[in-house]
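Accompanying notes for the structure given below.
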Amino acid sequence: MGSLIDLNLYPDPPNTTTIATGYADTAAISIIPKVEPKLEPLDESVDVPPESNSNPILGLISQPTTALVEHSEVDESNVYSEYNRISEMFRTAFAKDMETYDEIQATDPDAQAIVPVPEENQLSTVVVPSRRKNPSRSSELVRVTNLGIEDERYFRDVVRKTRMIYDSLRVLVVMEDDKRRSFGIVSTPRARGDLKASAVMKDRGLWLNRDKRIVGEIPGVHVGDVFFFRMELCVVGMHGQVQAGIDYLTSNQSSNREPIATSVIVSGGYEDDEDAGDVIVYTGHGGQDKNNKQVVHQKLEGGNLAMERSMHYGIEVRVIRGFKYEGSPSGKVYVYDGLYKIIEAWFDVGKSGFGVYKFKLVRMENQTEMGSALLKLAENLRTKPLEVRPVGYISFDISMKKENIPVFLFNDIDNNHEPMYYDYLKTSVFPPFVYHQVGGGCMCVSGCSKDCFCAQKNGGEFAYDSNGLLVRGKPLIFECGPFCRCPPNCQNRVSQKGVRNRFEVFRSRETGWGVRSLDLIQAGSFICEYSGVVLTREQAQLFTMNGDSLIYPNRFSERWAEWGDLSQIFSDYVKPSYPCVPPLDFAMDVSRMRNLACYMSHSSSPNVLVQLVLYDHSNLAFPHLMLFAMENIPPLRELSIDYGQADEWMGKLSITN
């Protein structure tokens, strides 16, 4: 795997304020006032390398997606093949007949034109772009509709894998920076992992949706998805502006020379903003000084004009809400809350006495519940559950204080109380002979370093960063154990400490029972152990003869290999193969004793992975099954595992018994 020293080629951008719209060609358009754009108050200013738009596609056409490319035509191993995939999906609709309404050219209704297209551009040809380094952002507006189930799953997987690369790279950058600092090598300010990760991915051509400017839903991004860093929104194509609150297609890129807004970030950056959830009064940008004070009248130009034009043409905008959030690595969280229509625009005198443009946004119907609303609901459930849900709670701690944090049990569907009938098992019970192999421990009295005994067992590096996040999945992780002299807060003691989030086992109409968190779980975080009574092969054979169902750990898919897979970044990346683990030849009985993990449902696109860990013994054949988050998991979203080979236990553990 390539050294992270190469990442010094991508230094943190200087701390200066960006006033441009995010495109190099905007330098020729004097439409931005000589004041700050609508910035996010908690974000640091950054400079982004300019982009070239020497060959813009002028036709702003929305394409139906009924003619889809078969998945076999796409290189599934390359998550970024969706560039060619989307282009092919839109190819067939560019030759639609034109109709004229009131002397304005418009596309055939079936072509779903977003804005009027000049006649000379109506038959423009789409050139499928080949993958290249750092592709410039497209000026072509498209709307993706009519995706089938398989296509939804495909694009979701594309986004998930892209975000995993971003999270893994960001964590690795920070960890390498901490490592250099521990040796006194670096004296510069701390590395911004979010900026460096995005810069490296952009240089590798790994940013999504660069070949199309998508209006409406971004394929693979769901309402309620959570982002900790503004740059990650840019990476997945949700919002292309690093700091400005309005993302839009500039007038010199548009076929009819009118700007079009595509997304906004609502975070209270302007004193005149009003946010009532489904209805927002959004203040335009411009006219503020560096202290976010309105000092100049706003003008109907740039993003403000784009908002007005989007209202005129009835074009929806994506709304992302940003706000402070305790526990976030950035101190802030961004939540995608769905699509809104701009129904009204007016010029008004703001609270500071200067003229501002205001836009009334109304949330479109038939969308899932807003993610920001669920975050607030989960916060109330953590502190006053009975006030929020007077009916449905069966127990406020099925672990009976065995876990560090209570585990709720909720059922508002029927009278089934089955999880109450099992003894709660915090950690797995192994046969006594397993503990005959205890091995030695490290002698790090003040804390472990990369030269200690346990680090060497892990290949010379620890599996976790200083915040306890999994840096990279491995066949097996050796944590410090009872025979080590390091303190309890050692960086190499993570999964053995138990649950750190508030979880809820709940009754589900789809899966019988499920598990969700009342906390926002960061990607790479430890969740819990998958515990049970461990049986040898001989014991398991006796149990199955009696008709009992068991969990077989060797059937779990090796999702750990996906976490930290930076083969798209480093050409010499090799999947971890050390230490070599023998086949898991044991089973787990959860018929009488179990923990919350047993209620997690199966998914072919899981948000939880299984990582093998040893800490209280050294028998490689009997590791603990530790669960980690594969992505940022919002509160109240169901947790899922890939159980691998299908059997009667997949997602139905609590019901089959």
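To be explicit about the labels: the chains of the structure tokens are called A, B, and onward in the order shown, and within each one the residues are counted from 1, while ligands get numbers from 1 in the order they are shown.
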
Inset, instruction - Fewer than 6 positions away in the same chain doesn't count, so skip those; otherwise give me all residues within 6 Å of Leu425 of chain A, counting only C-alpha atoms, as a list in words. - result: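 These residues fall inside the cut-off: Met593, Arg594 and Asn595 of chain A.
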
Excluding same-chain residues fewer than 2 positions from Ala306 of chain A, what lies within 6 Å of it counting only C-alpha atoms, as a PDB file with N, CA and C atoms, in the first residue's frame?
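Everything below was put into out-v6.pdb:
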```pdb
ATOM      1  N   PRO A 259     -29.183  31.385 -15.248  1.00  0.00           N
ATOM      2  CA  PRO A 259     -28.689  30.462 -14.221  1.00  0.00           C
ATOM      3  C   PRO A 259     -29.824  29.631 -13.639  1.00  0.00           C
ATOM      4  N   ILE A 260     -29.506  28.418 -13.202  1.00  0.00           N
ATOM      5  CA  ILE A 260     -30.491  27.501 -12.627  1.00  0.00           C
ATOM      6  C   ILE A 260     -29.936  26.954 -11.310  1.00  0.00           C
ATOM      7  N   ALA A 261     -30.688  27.109 -10.213  1.00  0.00           N
ATOM      8  CA  ALA A 261     -30.274  26.582  -8.906  1.00  0.00           C
ATOM      9  C   ALA A 261     -30.618  25.098  -8.811  1.00  0.00           C
ATOM     10  N   GLY A 303     -26.422  33.391  -7.525  1.00  0.00           N
ATOM     11  CA  GLY A 303     -27.309  32.399  -6.934  1.00  0.00           C
ATOM     12  C   GLY A 303     -28.711  32.915  -6.704  1.00  0.00           C
ATOM     13  N   ASN A 304     -28.845  34.206  -6.403  1.00  0.00           N
ATOM     14  CA  ASN A 304     -30.181  34.772  -6.210  1.00  0.00           C
ATOM     15  C   ASN A 304     -31.001  34.710  -7.489  1.00  0.00           C
ATOM     16  N   GLU A 308     -34.481  32.500  -8.498  1.00  0.00           N
ATOM     17  CA  GLU A 308     -35.666  33.068  -9.125  1.00  0.00           C
ATOM     18  C   GLU A 308     -36.003  32.357 -10.428  1.00  0.00           C
ATOM     19  N   ARG A 309     -34.977  32.004 -11.190  1.00  0.00           N
ATOM     20  CA  ARG A 309     -35.194  31.304 -12.463  1.00  0.00           C
ATOM     21  C   ARG A 309     -35.689  29.870 -12.224  1.00  0.00           C
TER      22      ARG A 309
END
```

Need the shell around segment 552-569 of chain A: protein/DNA/RNA residues with any atom at most 8 Å away, counting only C-alpha atoms. Skip same-chain ones fewer than 6 positions apart. Format as a PDB file with N, CA and C atoms, in the first residue's frame?
```pdb
ATOM      1  N   MET A 164     -17.247   5.150   1.507  1.00  0.00           N
ATOM      2  CA  MET A 164     -16.323   4.344   2.293  1.00  0.00           C
ATOM      3  C   MET A 164     -14.878   4.714   1.977  1.00  0.00           C
ATOM      4  N   ILE A 165     -14.588   4.948   0.693  1.00  0.00           N
ATOM      5  CA  ILE A 165     -13.245   5.373   0.321  1.00  0.00           C
ATOM      6  C   ILE A 165     -12.922   6.710   0.969  1.00  0.00           C
ATOM      7  N   SER A 168     -12.500   6.191   4.817  1.00  0.00           N
ATOM      8  CA  SER A 168     -11.279   5.437   5.109  1.00  0.00           C
ATOM      9  C   SER A 168     -10.043   6.290   4.872  1.00  0.00           C
ATOM     10  N   LEU A 169     -10.043   7.026   3.780  1.00  0.00           N
ATOM     11  CA  LEU A 169      -8.895   7.869   3.457  1.00  0.00           C
ATOM     12  C   LEU A 169      -8.754   9.017   4.455  1.00  0.00           C
ATOM     13  N   VAL A 200      -7.444  14.246  -2.961  1.00  0.00           N
ATOM     14  CA  VAL A 200      -6.864  13.038  -3.568  1.00  0.00           C
ATOM     15  C   VAL A 200      -7.891  12.338  -4.452  1.00  0.00           C
ATOM     16  N   MET A 201      -9.136  12.219  -3.972  1.00  0.00           N
ATOM     17  CA  MET A 201     -10.170  11.553  -4.756  1.00  0.00           C
ATOM     18  C   MET A 201     -10.489  12.332  -6.029  1.00  0.00           C
ATOM     19  N   ARG A 204      -7.857  11.640  -8.532  1.00  0.00           N
ATOM     20  CA  ARG A 204      -7.987  10.295  -9.108  1.00  0.00           C
ATOM     21  C   ARG A 204      -9.245  10.155  -9.964  1.00  0.00           C
ATOM     22  N   VAL A 471      -9.544   1.734  11.216  1.00  0.00           N
ATOM     23  CA  VAL A 471      -8.838   2.338  10.085  1.00  0.00           C
ATOM     24  C   VAL A 471      -8.957   1.467   8.845  1.00  0.00           C
ATOM     25  N   ARG A 472      -8.760   0.182   9.022  1.00  0.00           N
ATOM     26  CA  ARG A 472      -8.820  -0.746   7.901  1.00  0.00           C
ATOM     27  C   ARG A 472      -9.188  -2.126   8.412  1.00  0.00           C
ATOM     28  N   GLY A 473     -10.099  -2.794   7.702  1.00  0.00           N
ATOM     29  CA  GLY A 473     -10.471  -4.138   8.091  1.00  0.00           C
ATOM     30  C   GLY A 473      -9.328  -5.115   7.882  1.00  0.00           C
ATOM     31  N   LYS A 474      -9.255  -6.139   8.735  1.00  0.00           N
ATOM     32  CA  LYS A 474      -8.205  -7.155   8.650  1.00  0.00           C
ATOM     33  C   LYS A 474      -8.808  -8.537   8.880  1.00  0.00           C
ATOM     34  N   PRO A 475      -8.097  -9.587   8.462  1.00  0.00           N
ATOM     35  CA  PRO A 475      -8.601 -10.931   8.763  1.00  0.00           C
ATOM     36  C   PRO A 475      -8.808 -11.137  10.263  1.00  0.00           C
ATOM     37  N   LYS A 575      -4.961  -6.263  -0.527  1.00  0.00           N
ATOM     38  CA  LYS A 575      -5.907  -6.628   0.523  1.00  0.00           C
ATOM     39  C   LYS A 575      -5.169  -7.275   1.684  1.00  0.00           C
ATOM     40  N   PRO A 576      -5.434  -6.836   2.925  1.00  0.00           N
ATOM     41  CA  PRO A 576      -4.741  -7.412   4.082  1.00  0.00           C
ATOM     42  C   PRO A 576      -4.932  -8.924   4.161  1.00  0.00           C
ATOM     43  N   PRO A 583      -9.864 -21.657   9.090  1.00  0.00           N
ATOM     44  CA  PRO A 583     -11.324 -21.649   8.895  1.00  0.00           C
ATOM     45  C   PRO A 583     -12.059 -21.713  10.235  1.00  0.00           C
ATOM     46  N   LEU A 584     -13.100 -20.892  10.350  1.00  0.00           N
ATOM     47  CA  LEU A 584     -13.869 -20.856  11.594  1.00  0.00           C
ATOM     48  C   LEU A 584     -14.756 -22.095  11.662  1.00  0.00           C
ATOM     49  N   ASP A 585     -14.324 -23.046  12.465  1.00  0.00           N
ATOM     50  CA  ASP A 585     -14.997 -24.339  12.504  1.00  0.00           C
ATOM     51  C   ASP A 585     -15.795 -24.484  13.800  1.00  0.00           C
ATOM     52  N   PHE A 586     -16.577 -23.457  14.112  1.00  0.00           N
ATOM     53  CA  PHE A 586     -17.422 -23.543  15.299  1.00  0.00           C
ATOM     54  C   PHE A 586     -18.769 -22.902  14.991  1.00  0.00           C
ATOM     55  N   ALA A 587     -19.695 -23.134  15.883  1.00  0.00           N
ATOM     56  CA  ALA A 587     -21.042 -22.572  15.747  1.00  0.00           C
ATOM     57  C   ALA A 587     -21.389 -21.819  17.032  1.00  0.00           C
ATOM     58  N   MET A 588     -22.462 -21.039  16.958  1.00  0.00           N
ATOM     59  CA  MET A 588     -22.899 -20.275  18.128  1.00  0.00           C
ATOM     60  C   MET A 588     -24.363 -20.558  18.384  1.00  0.00           C
ATOM     61  N   LEU A 609     -20.469  -4.334   9.449  1.00  0.00           N
ATOM     62  CA  LEU A 609     -19.565  -5.413   9.047  1.00  0.00           C
ATOM     63  C   LEU A 609     -19.141  -6.213  10.264  1.00  0.00           C
ATOM     64  N   VAL A 610     -18.667  -7.444  10.019  1.00  0.00           N
ATOM     65  CA  VAL A 610     -18.167  -8.325  11.073  1.00  0.00           C
ATOM     66  C   VAL A 610     -16.649  -8.347  11.008  1.00  0.00           C
ATOM     67  N   GLN A 611     -16.000  -8.006  12.112  1.00  0.00           N
ATOM     68  CA  GLN A 611     -14.540  -8.008  12.213  1.00  0.00           C
ATOM     69  C   GLN A 611     -14.128  -8.977  13.325  1.00  0.00           C
ATOM     70  N   LEU A 625     -16.662 -12.088  17.437  1.00  0.00           N
ATOM     71  CA  LEU A 625     -17.272 -11.473  16.260  1.00  0.00           C
ATOM     72  C   LEU A 625     -17.704 -10.058  16.637  1.00  0.00           C
ATOM     73  N   MET A 630     -20.243   0.417   8.741  1.00  0.00           N
ATOM     74  CA  MET A 630     -19.641   0.578   7.422  1.00  0.00           C
ATOM     75  C   MET A 630     -19.909   1.958   6.833  1.00  0.00           C
ATOM     76  N   ASP A 642     -24.655  -8.632   6.523  1.00  0.00           N
ATOM     77  CA  ASP A 642     -24.681  -9.611   5.442  1.00  0.00           C
ATOM     78  C   ASP A 642     -24.352 -10.976   6.047  1.00  0.00           C
ATOM     79  N   TYR A 643     -25.395 -11.785   6.263  1.00  0.00           N
ATOM     80  CA  TYR A 643     -25.203 -13.093   6.873  1.00  0.00           C
ATOM     81  C   TYR A 643     -24.574 -14.100   5.924  1.00  0.00           C
ATOM     82  N   GLY A 644     -24.404 -13.709   4.670  1.00  0.00           N
ATOM     83  CA  GLY A 644     -23.776 -14.605   3.708  1.00  0.00           C
ATOM     84  C   GLY A 644     -24.727 -15.660   3.215  1.00  0.00           C
ATOM     85  N   GLN A 645     -24.362 -16.914   3.384  1.00  0.00           N
ATOM     86  CA  GLN A 645     -25.166 -18.030   2.887  1.00  0.00           C
ATOM     87  C   GLN A 645     -26.549 -18.017   3.512  1.00  0.00           C
TER      88      GLN A 645
END
```

Inset, instruction - Work out how far apart atom CA of His297 of chain A and atom CA of Leu249 of chain A are and give it in Å to one decimal. - result: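 Atom-to-atom, atom CA of His297 of chain A to atom CA of Leu249 of chain A, that is 23.1 Å.
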
Legend entry - Backbone DSSP call of helix (DSSP H, G or I) for segment 339-498 of chain A, listed as an NGL selection string: :A and (371-383 or 385-388 or 418-421 or 432-436 or 453-457 or 495-497)

Inset, instruction - Choose the residue, out of A:Glu344, A:Asp414, A:Glu232, A:Asp337, that has the smallest atom-to-atom separation from Val266 of chain A; count only C-alpha atoms. - result: A:Asp337

Inset, instruction - For each of A:Met400, A:Cys452, A:Val515, A:Val223, take the minimum atom-to-atom distance to Arg485 of chain A, counting only C-alpha atoms, then give the residue where this is smallest. - result: A:Cys452

Inset, instruction - Report as number ranges by chain: the residues of segment 319-363 of chain A with a DSSP assignment of strand (DSSP E or B), based on the backbone of this structure. - result: A: 319-324, 332-349, 355-363

Inset, instruction - With a distance cut-off of 12 Å and only C-alpha atoms, select the neighbouring residues of segment 384-390 of chain A, excluding the residue or stretch itself and same-chain residues fewer than 2 positions from it, and output the selection as a list in words. - result: Lys376, Leu377, Ala378, Glu379, Asn380, Leu381, Arg382, Gly392, Tyr393, Ile394, Ser395, Phe396, Phe408, Leu409, Phe410, Asn411, Asp412, Glu504 and Leu518 of chain A

Emit the selected residues as a CSV table (one decimal), in the first residue's frame, including C-alpha atoms.
```csv
chain,number,residue,atom,x,y,z
A,376,LYS,CA,-34.5,15.8,16.8
A,377,LEU,CA,-36.9,12.9,17.5
A,378,ALA,CA,-34.0,10.6,18.5
A,379,GLU,CA,-32.6,13.3,20.8
A,380,ASN,CA,-35.9,13.5,22.6
A,381,LEU,CA,-36.2,9.7,22.8
A,382,ARG,CA,-32.8,9.5,24.5
A,392,GLY,CA,-44.9,0.7,22.8
A,393,TYR,CA,-42.0,0.5,25.2
A,394,ILE,CA,-41.7,-3.0,26.9
A,395,SER,CA,-38.4,-2.5,28.6
A,396,PHE,CA,-35.9,0.3,29.0
A,408,PHE,CA,-34.5,-0.4,24.8
A,409,LEU,CA,-37.2,-2.8,23.6
A,410,PHE,CA,-40.1,-1.3,21.6
A,411,ASN,CA,-43.2,-2.9,20.0
A,412,ASP,CA,-46.2,-0.9,18.9
A,504,GLU,CA,-33.4,-0.1,20.5
A,518,LEU,CA,-30.9,6.5,18.9
```

Legend entry - Near-Ile214 of chain A list (9 Å; only C-alpha atoms; drop same-chain fewer than 2 positions) as a ChimeraX atom specification: /A:62,140-144,209,212,216-218,237-238,262

Inset, instruction - Take atom CA of Arg163 of chain A and atom CA of Val499 of chain A and report the distance between them in Å, one decimal. - result: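 That distance, rounded to one decimal, is 24.5 Å.
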
Inset, instruction - Kindly give the distance, in Å, that separates atom CA of Asn415 of chain A and atom CA of Arg502 of chain A, rounded to a single decimal. - result: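 Separating atom CA of Asn415 of chain A from atom CA of Arg502 of chain A is a distance of 23.4 Å.
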
Inset, instruction - Fewer than 4 positions away in the same chain doesn't count, so skip those; otherwise give me all residues within 7 Å of segment 486-490 of chain A, counting only C-alpha atoms, as a PyMOL selection string. - result: chain A and resi 443-448

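Excluding Asp423 of chain A itself and any same-chain residue fewer than 3 positions from it, the protein and nucleic acid residues within 12 Å of it, counting only C-alpha atoms, are Ile398, Ser399, Met400, Lys402, Glu418, Pro419, Met420, Lys426, Thr427, Ser531, Gly532, Val533, Val590, Ser591, Arg592, Met593, Arg594, Asn595 and Leu596 of chain A.
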
Limited to N, CA, C and O atoms, could you put the picked residues into a file as an mmCIF file, in the first residue's frame?
```cif
data_model
loop_
_atom_site.group_PDB
_atom_site.id
_atom_site.type_symbol
_atom_site.label_atom_id
_atom_site.label_comp_id
_atom_site.auth_asym_id
_atom_site.auth_seq_id
_atom_site.Cartn_x
_atom_site.Cartn_y
_atom_site.Cartn_z
ATOM 1 N N ILE A 398 -33.141 -4.314 28.242
ATOM 2 C CA ILE A 398 -33.211 -5.771 28.186
ATOM 3 C C ILE A 398 -31.878 -6.404 28.584
ATOM 4 O O ILE A 398 -31.807 -7.614 28.820
ATOM 5 N N SER A 399 -30.812 -5.607 28.670
ATOM 6 C CA SER A 399 -29.518 -6.160 29.083
ATOM 7 C C SER A 399 -29.422 -6.304 30.599
ATOM 8 O O SER A 399 -28.469 -6.906 31.101
ATOM 9 N N MET A 400 -30.391 -5.743 31.327
ATOM 10 C CA MET A 400 -30.392 -5.808 32.790
ATOM 11 C C MET A 400 -29.072 -5.273 33.358
ATOM 12 O O MET A 400 -28.432 -5.888 34.206
ATOM 13 N N LYS A 402 -26.219 -5.116 32.078
ATOM 14 C CA LYS A 402 -24.977 -5.785 31.666
ATOM 15 C C LYS A 402 -24.200 -4.943 30.658
ATOM 16 O O LYS A 402 -22.973 -5.030 30.587
ATOM 17 N N GLU A 418 -41.061 -11.414 22.978
ATOM 18 C CA GLU A 418 -40.113 -12.526 22.929
ATOM 19 C C GLU A 418 -38.698 -12.188 23.394
ATOM 20 O O GLU A 418 -38.080 -12.994 24.108
ATOM 21 N N PRO A 419 -38.104 -11.027 23.016
ATOM 22 C CA PRO A 419 -36.727 -10.754 23.472
ATOM 23 C C PRO A 419 -36.570 -10.732 24.992
ATOM 24 O O PRO A 419 -35.451 -10.884 25.495
ATOM 25 N N MET A 420 -37.650 -10.583 25.710
ATOM 26 C CA MET A 420 -37.565 -10.570 27.170
ATOM 27 C C MET A 420 -37.335 -11.965 27.740
ATOM 28 O O MET A 420 -36.946 -12.110 28.904
ATOM 29 N N LYS A 426 -23.604 -10.436 27.178
ATOM 30 C CA LYS A 426 -22.827 -9.295 26.710
ATOM 31 C C LYS A 426 -21.701 -9.713 25.777
ATOM 32 O O LYS A 426 -21.431 -9.053 24.770
ATOM 33 N N THR A 427 -21.013 -10.793 26.110
ATOM 34 C CA THR A 427 -19.910 -11.281 25.289
ATOM 35 C C THR A 427 -20.017 -12.786 25.161
ATOM 36 O O THR A 427 -20.658 -13.451 25.980
ATOM 37 N N SER A 531 -22.785 -12.013 20.057
ATOM 38 C CA SER A 531 -22.457 -12.970 21.109
ATOM 39 C C SER A 531 -23.402 -14.162 21.123
ATOM 40 O O SER A 531 -24.541 -14.096 20.671
ATOM 41 N N GLY A 532 -22.898 -15.244 21.642
ATOM 42 C CA GLY A 532 -23.651 -16.479 21.803
ATOM 43 C C GLY A 532 -22.805 -17.485 22.549
ATOM 44 O O GLY A 532 -21.672 -17.193 22.950
ATOM 45 N N VAL A 533 -23.334 -18.672 22.743
ATOM 46 C CA VAL A 533 -22.586 -19.753 23.387
ATOM 47 C C VAL A 533 -21.869 -20.533 22.288
ATOM 48 O O VAL A 533 -22.506 -21.122 21.411
ATOM 49 N N VAL A 590 -27.674 -19.428 20.103
ATOM 50 C CA VAL A 590 -28.323 -18.231 20.659
ATOM 51 C C VAL A 590 -29.773 -18.536 21.026
ATOM 52 O O VAL A 590 -30.603 -17.644 21.090
ATOM 53 N N SER A 591 -30.058 -19.820 21.256
ATOM 54 C CA SER A 591 -31.437 -20.223 21.526
ATOM 55 C C SER A 591 -31.898 -19.831 22.926
ATOM 56 O O SER A 591 -33.101 -19.722 23.177
ATOM 57 N N ARG A 592 -30.939 -19.625 23.843
ATOM 58 C CA ARG A 592 -31.319 -19.256 25.209
ATOM 59 C C ARG A 592 -30.619 -17.992 25.692
ATOM 60 O O ARG A 592 -31.158 -17.281 26.538
ATOM 61 N N MET A 593 -29.424 -17.746 25.188
ATOM 62 C CA MET A 593 -28.639 -16.585 25.598
ATOM 63 C C MET A 593 -28.189 -15.842 24.347
ATOM 64 O O MET A 593 -27.656 -16.449 23.420
ATOM 65 N N ARG A 594 -28.390 -14.556 24.349
ATOM 66 C CA ARG A 594 -28.056 -13.750 23.168
ATOM 67 C C ARG A 594 -27.951 -12.283 23.571
ATOM 68 O O ARG A 594 -28.251 -11.912 24.710
ATOM 69 N N ASN A 595 -27.559 -11.449 22.599
ATOM 70 C CA ASN A 595 -27.545 -10.007 22.834
ATOM 71 C C ASN A 595 -28.256 -9.302 21.683
ATOM 72 O O ASN A 595 -28.888 -9.942 20.820
ATOM 73 N N LEU A 596 -28.185 -7.987 21.636
ATOM 74 C CA LEU A 596 -28.955 -7.221 20.653
ATOM 75 C C LEU A 596 -28.558 -7.521 19.222
ATOM 76 O O LEU A 596 -29.359 -7.365 18.288
#
```
